[in-house]
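Colleague: Got a structure for you, questions after.
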Amino acid sequence: MGLQLKPIFLSLLLFQLSQLPHETKAEDFSNANTTSVSRARELAGRCNFFRGKWVYDASYPLYDSSSCPFIDPEFDCIKYGRPDKQYLKYRWQPFSCNLPRFNGLDFLERWKGKRIMFVGDSLSFNQWQSLACMIHSSVPNARTNLMKSGPLSSLTFEDYGVKLMLYRTTYLVDLVRENMGLVLKLDSIQNGNAWKGMDMLIFNTWHWWTHTGSSQPWDYVEEGNELYKDMNRLVAFYKGLTTWARWVNINVDPSKTKVFFQGISPTHYEGKDWNQPRRSCDGEMQPFAGASYPAGTPMASVVVNKVLSRIKKPVYLLDVTTLSQFRKDAHPSDYSGEHSGTDCSHWCLPGLPDTWNELLYAALVG
């Protein structure tokens, strides 16, 4: 009975967290001495980049998919037959300011000789490829070198010495094969050795925490000396993300490394989330048009905000959840080259992840 008290307590805690406000504004990263997320928010500018609306903009997209050599078939919706193009023409417009137009050359010059690493699952892959295409469109003749080794991919813009890296890890915490099977270790993060020494880190995890049955990649969950066959997934996510936060506190020097966390990326498999219960993302050609998204804030976002509120080092939350919830039209759906069935999890390129990177750029240029 005692072993069950912890998960029950954390479940109650997460419910209480859902009652708390968790709006996040744009922090100013120019102050390297910021010691907490709350302090960073006090230093925020007047504009909340993440509160706004989608507007039609004929100048979009920011690049042509056929001219970008880095797009994976999974995200190349136009190549694989998507007939409509209007989803490419939407720009995120904050209510109280304008986002700076992304400038790939400026990005390279600002980060000359630096190493930038995305760390996470296939949604990090999605965003990494988006940023690669956005930069490439500004310097199409720049020399590049793409290398892949195990979980690590690295794209170098050689004329600028900028390394754009991706470290694929499903959970951030460790997934280890042991005698009894694959074990998800909630308090271990040995993978983190590969993330040290970066100039910028952009983390992401969530989608795989919800997988069950045949799509679940682990057999057991381990915390300390206790092994579990299963655990409440929000509780497990909270524990795993707390381990990641501890890693950041121990290993990140804010004067040398900027840290971002990509907010929860929503799925659109269930139309009831936007009051159309018989629909999914398949066939959707316009963003959700309401003032607020009917499904509300995901509990996973509550967990993220709670963990970030306790972290001691400055971490900028790319709070993309709400603006992404409105984009039920932006998934590959049936137009993916490497995804069986309907994909309402990932995003077409060009597409929504370009906006995530515009927000990243806005945070960096201040």
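As shown in the structure tokens, the chain order sets the letters A, B, ...; within each chain, residues go from 1, and ligands are also counted from 1 in the order they appear.
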Within 6 Å of A:Ser280, counting only C-alpha atoms, which residues show up once you throw out same-chain ones fewer than 3 positions away? Write them as a count of residues only, please.

Modeller: 4

Colleague: Which residues come within 10 Å of A:Ser96, counting only C-alpha atoms, excluding same-chain residues fewer than 3 positions away, as a PyMOL selection string?

Modeller: chain A and resi 46-49+51-52+93+99

Colleague: So which one's closest to A:Met198, A:Asn251, A:Ser345, A:Thr169, A:Ser214? Using only C-alpha atoms, please.

Modeller: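 Closest candidate: A:Asn251.
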
Colleague: With only C-alpha atoms as the counted atoms, please give the residues lying no more than 8 Å from A:Thr242, apart from itself and same-chain residues fewer than 4 positions off, as a PyMOL selection string.

Modeller: chain A and resi 238+246+307

Colleague: From a backbone DSSP assignment, name each residue in stretch 195-293 of chain A labelled helix (DSSP H, G or I), as an mmCIF file with C-alpha atoms, in the first residue's frame.

Modeller:
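Result file follows (selection-v1.cif):
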```
data_model
loop_
_atom_site.group_PDB
_atom_site.id
_atom_site.type_symbol
_atom_site.label_atom_id
_atom_site.label_comp_id
_atom_site.auth_asym_id
_atom_site.auth_seq_id
_atom_site.Cartn_x
_atom_site.Cartn_y
_atom_site.Cartn_z
ATOM 1 C CA TRP A 195 24.764 17.599 -24.443
ATOM 2 C CA HIS A 207 4.613 12.393 -26.996
ATOM 3 C CA TRP A 208 6.168 9.022 -26.236
ATOM 4 C CA TRP A 209 5.240 9.194 -22.567
ATOM 5 C CA THR A 210 1.633 8.496 -23.556
ATOM 6 C CA GLY A 213 0.641 -1.450 -25.796
ATOM 7 C CA SER A 214 2.706 -2.422 -28.819
ATOM 8 C CA SER A 215 3.850 1.176 -29.416
ATOM 9 C CA ARG A 233 2.071 8.689 -17.297
ATOM 10 C CA LEU A 234 1.770 12.257 -16.031
ATOM 11 C CA VAL A 235 3.429 11.215 -12.791
ATOM 12 C CA ALA A 236 6.219 9.488 -14.719
ATOM 13 C CA PHE A 237 6.617 12.559 -16.942
ATOM 14 C CA TYR A 238 6.841 14.801 -13.880
ATOM 15 C CA LYS A 239 9.530 12.598 -12.342
ATOM 16 C CA GLY A 240 11.514 12.320 -15.566
ATOM 17 C CA LEU A 241 11.344 16.052 -16.261
ATOM 18 C CA THR A 242 12.450 16.759 -12.696
ATOM 19 C CA THR A 243 15.539 14.636 -13.363
ATOM 20 C CA TRP A 244 16.194 16.693 -16.511
ATOM 21 C CA ALA A 245 15.821 19.918 -14.497
ATOM 22 C CA ARG A 246 18.367 18.604 -12.009
ATOM 23 C CA TRP A 247 20.745 17.916 -14.904
ATOM 24 C CA VAL A 248 20.347 21.508 -16.125
ATOM 25 C CA ASN A 249 20.999 22.892 -12.645
ATOM 26 C CA ILE A 250 24.199 20.866 -12.288
ATOM 27 C CA ASN A 251 25.626 21.029 -15.802
ATOM 28 C CA GLY A 271 -12.000 16.321 -33.485
ATOM 29 C CA LYS A 272 -13.843 16.598 -30.186
ATOM 30 C CA ASP A 273 -10.891 18.740 -29.088
ATOM 31 C CA TRP A 274 -12.189 21.493 -31.407
#
```

Colleague: I'd like the neighbourhood of A:Val55 as a VMD selection string, where a residue qualifies if any of its atoms comes within 8 Å (using only C-alpha atoms), though same-chain residues fewer than 3 positions away should be ignored.

Modeller: chain A and resid 90 to 93

Colleague: Kindly indicate which residue among A:Lys328, A:Lys148, A:Lys196, A:His136 lies nearest to A:Arg279, using only C-alpha atoms for the distances.

Modeller: A:Lys328

Colleague: Measuring atom to atom with only C-alpha atoms, identify which of A:Met285, A:Met117, A:Leu182, A:Val259 is nearest to A:Leu308.

Modeller: A:Val259

Colleague: Which polymer residues have any atom within 8 Å of an atom of A:Asn191, counting only C-alpha atoms, with same-chain residues fewer than 2 positions away left out, as an MDAnalysis selection string?

Modeller: chainID A and resid 172:174 189 193:195

Colleague: Within 6 Å of stretch 329-344 of chain A, counting only C-alpha atoms, which residues qualify if same-chain residues fewer than 5 places away don't, as a list in words?

Modeller: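 The filter keeps Pro73, Glu74, Cys77, Tyr80, Gly81, Arg82, Thr267, His268, Tyr269, Cys281, Asp282, Glu284, Met285, Gln286 and Pro287 of chain A.
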
Colleague: Taking only C-alpha atoms into account, name the residue in A:Phe75, A:Phe50, A:Phe118, A:Phe125 that is nearest to A:Asn98.

Modeller: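 Smallest distance to A:Asn98 is found for A:Phe50.
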
Colleague: Could you build a table of the residues in stretch 265-337 of chain A lying no more than 12 Å from stretch 199-202 of chain A, giving for each the nearest pair of atoms and their separation in Å rounded to one decimal place, using only C-alpha atoms, ordered by chain and ascending residue number, as JSON lines?

Modeller:
```
{"residue": "A:Pro314", "atom": "CA", "partner": "A:Leu201", "partner_atom": "CA", "distance": 11.8}
{"residue": "A:Val315", "atom": "CA", "partner": "A:Ile202", "partner_atom": "CA", "distance": 9.5}
{"residue": "A:Tyr316", "atom": "CA", "partner": "A:Ile202", "partner_atom": "CA", "distance": 9.2}
{"residue": "A:Leu317", "atom": "CA", "partner": "A:Ile202", "partner_atom": "CA", "distance": 9.5}
{"residue": "A:Leu318", "atom": "CA", "partner": "A:Ile202", "partner_atom": "CA", "distance": 9.2}
```

Colleague: Quick one: everything within 10 Å of A:Phe102, counting only C-alpha atoms, minus sequence neighbours fewer than 2 positions away in the same chain. Send it as JSON, numbers by chain.

Modeller: {"A": [62, 99, 100, 104, 105, 106, 107, 134, 135, 138, 354, 355, 357, 358, 359, 360, 361, 362]}

Colleague: Once you have the residues from the selection above, write them out as a short mmCIF file (atom, residue, chain, number, x, y, z; two decimals), in the first residue's frame, restricted to N, CA, C and O atoms.

Modeller:
```cif
data_model
loop_
_atom_site.label_atom_id
_atom_site.label_comp_id
_atom_site.auth_asym_id
_atom_site.auth_seq_id
_atom_site.Cartn_x
_atom_site.Cartn_y
_atom_site.Cartn_z
N LEU A 62 8.31 30.69 -45.79
CA LEU A 62 9.62 31.31 -45.73
C LEU A 62 10.61 30.64 -46.69
O LEU A 62 11.68 31.19 -46.92
N LEU A 99 6.55 40.00 -34.56
CA LEU A 99 7.74 39.17 -34.52
C LEU A 99 8.74 39.68 -35.56
O LEU A 99 8.35 40.07 -36.66
N PRO A 100 10.03 39.67 -35.23
CA PRO A 100 11.01 40.04 -36.25
C PRO A 100 11.01 39.00 -37.37
O PRO A 100 10.85 37.80 -37.12
N GLY A 104 18.16 34.35 -41.90
CA GLY A 104 19.11 33.26 -41.73
C GLY A 104 20.55 33.72 -41.70
O GLY A 104 21.37 33.16 -40.95
N LEU A 105 20.89 34.72 -42.50
CA LEU A 105 22.26 35.23 -42.51
C LEU A 105 22.59 35.88 -41.17
O LEU A 105 23.67 35.66 -40.61
N ASP A 106 21.66 36.65 -40.65
CA ASP A 106 21.86 37.27 -39.34
C ASP A 106 22.02 36.20 -38.27
O ASP A 106 22.87 36.32 -37.38
N PHE A 107 21.22 35.15 -38.35
CA PHE A 107 21.32 34.04 -37.40
C PHE A 107 22.72 33.44 -37.43
O PHE A 107 23.35 33.22 -36.38
N MET A 134 15.20 27.03 -43.11
CA MET A 134 15.06 28.48 -42.99
C MET A 134 16.41 29.17 -43.19
O MET A 134 16.50 30.19 -43.87
N ILE A 135 17.45 28.61 -42.60
CA ILE A 135 18.79 29.19 -42.76
C ILE A 135 19.27 29.01 -44.20
O ILE A 135 19.78 29.94 -44.82
N SER A 138 18.23 31.48 -46.82
CA SER A 138 18.92 32.77 -46.80
C SER A 138 20.31 32.70 -47.41
O SER A 138 20.80 33.71 -47.94
N ASP A 354 8.26 26.21 -38.53
CA ASP A 354 8.93 27.46 -38.92
C ASP A 354 8.54 28.58 -37.97
O ASP A 354 9.37 29.44 -37.62
N THR A 355 7.29 28.59 -37.53
CA THR A 355 6.86 29.58 -36.54
C THR A 355 7.56 29.36 -35.21
O THR A 355 7.97 30.32 -34.54
N ASN A 357 10.48 28.31 -34.82
CA ASN A 357 11.83 28.85 -34.98
C ASN A 357 11.84 30.37 -35.13
O ASN A 357 12.81 31.03 -34.75
N GLU A 358 10.76 30.95 -35.65
CA GLU A 358 10.65 32.41 -35.64
C GLU A 358 10.58 32.91 -34.19
O GLU A 358 11.16 33.95 -33.86
N LEU A 359 9.89 32.17 -33.34
CA LEU A 359 9.80 32.54 -31.93
C LEU A 359 11.15 32.35 -31.24
O LEU A 359 11.53 33.15 -30.38
N LEU A 360 11.86 31.30 -31.61
CA LEU A 360 13.21 31.10 -31.09
C LEU A 360 14.10 32.28 -31.49
O LEU A 360 14.84 32.84 -30.66
N TYR A 361 14.03 32.67 -32.75
CA TYR A 361 14.83 33.79 -33.25
C TYR A 361 14.46 35.09 -32.53
O TYR A 361 15.34 35.87 -32.13
N ALA A 362 13.17 35.31 -32.33
CA ALA A 362 12.72 36.50 -31.63
C ALA A 362 13.28 36.56 -30.20
O ALA A 362 13.67 37.62 -29.71
#
```

Colleague: A:Gln325, A:Leu108, A:Ala142, A:Cys68: which is nearest A:Val162, counting only C-alpha atoms?

Modeller: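 Ranking A:Gln325, A:Leu108, A:Ala142, A:Cys68 by distance to A:Val162, first place goes to A:Leu108.
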
Colleague: Report, in Å to a single decimal, how far apart atom CA of A:Ile71 and atom CA of A:Arg327 are.

Modeller: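 Taking atom CA of A:Arg327 and atom CA of A:Ile71, their separation equals 20.2 Å.
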
Colleague: Can you measure atom CA of A:Phe157 to atom CA of A:Lys79 for me? One decimal in Å is fine.

Modeller: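 So the answer is 25.3 Å.
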
Colleague: Enumerate, as number ranges by chain, the complete set of residues in stretch 86-244 of chain A that a backbone-based DSSP assignment places in strand (DSSP E or B).

Modeller: A: 90-94, 115-120, 144-149, 152-157, 162-168, 174-178, 181-185, 200-203, 220-223, 226-228

Colleague: I'd like to know which of A:Ser137, A:Ser324, A:Ser122, A:Thr212 is closest to A:Arg168, using only C-alpha atoms.

Modeller: A:Ser122
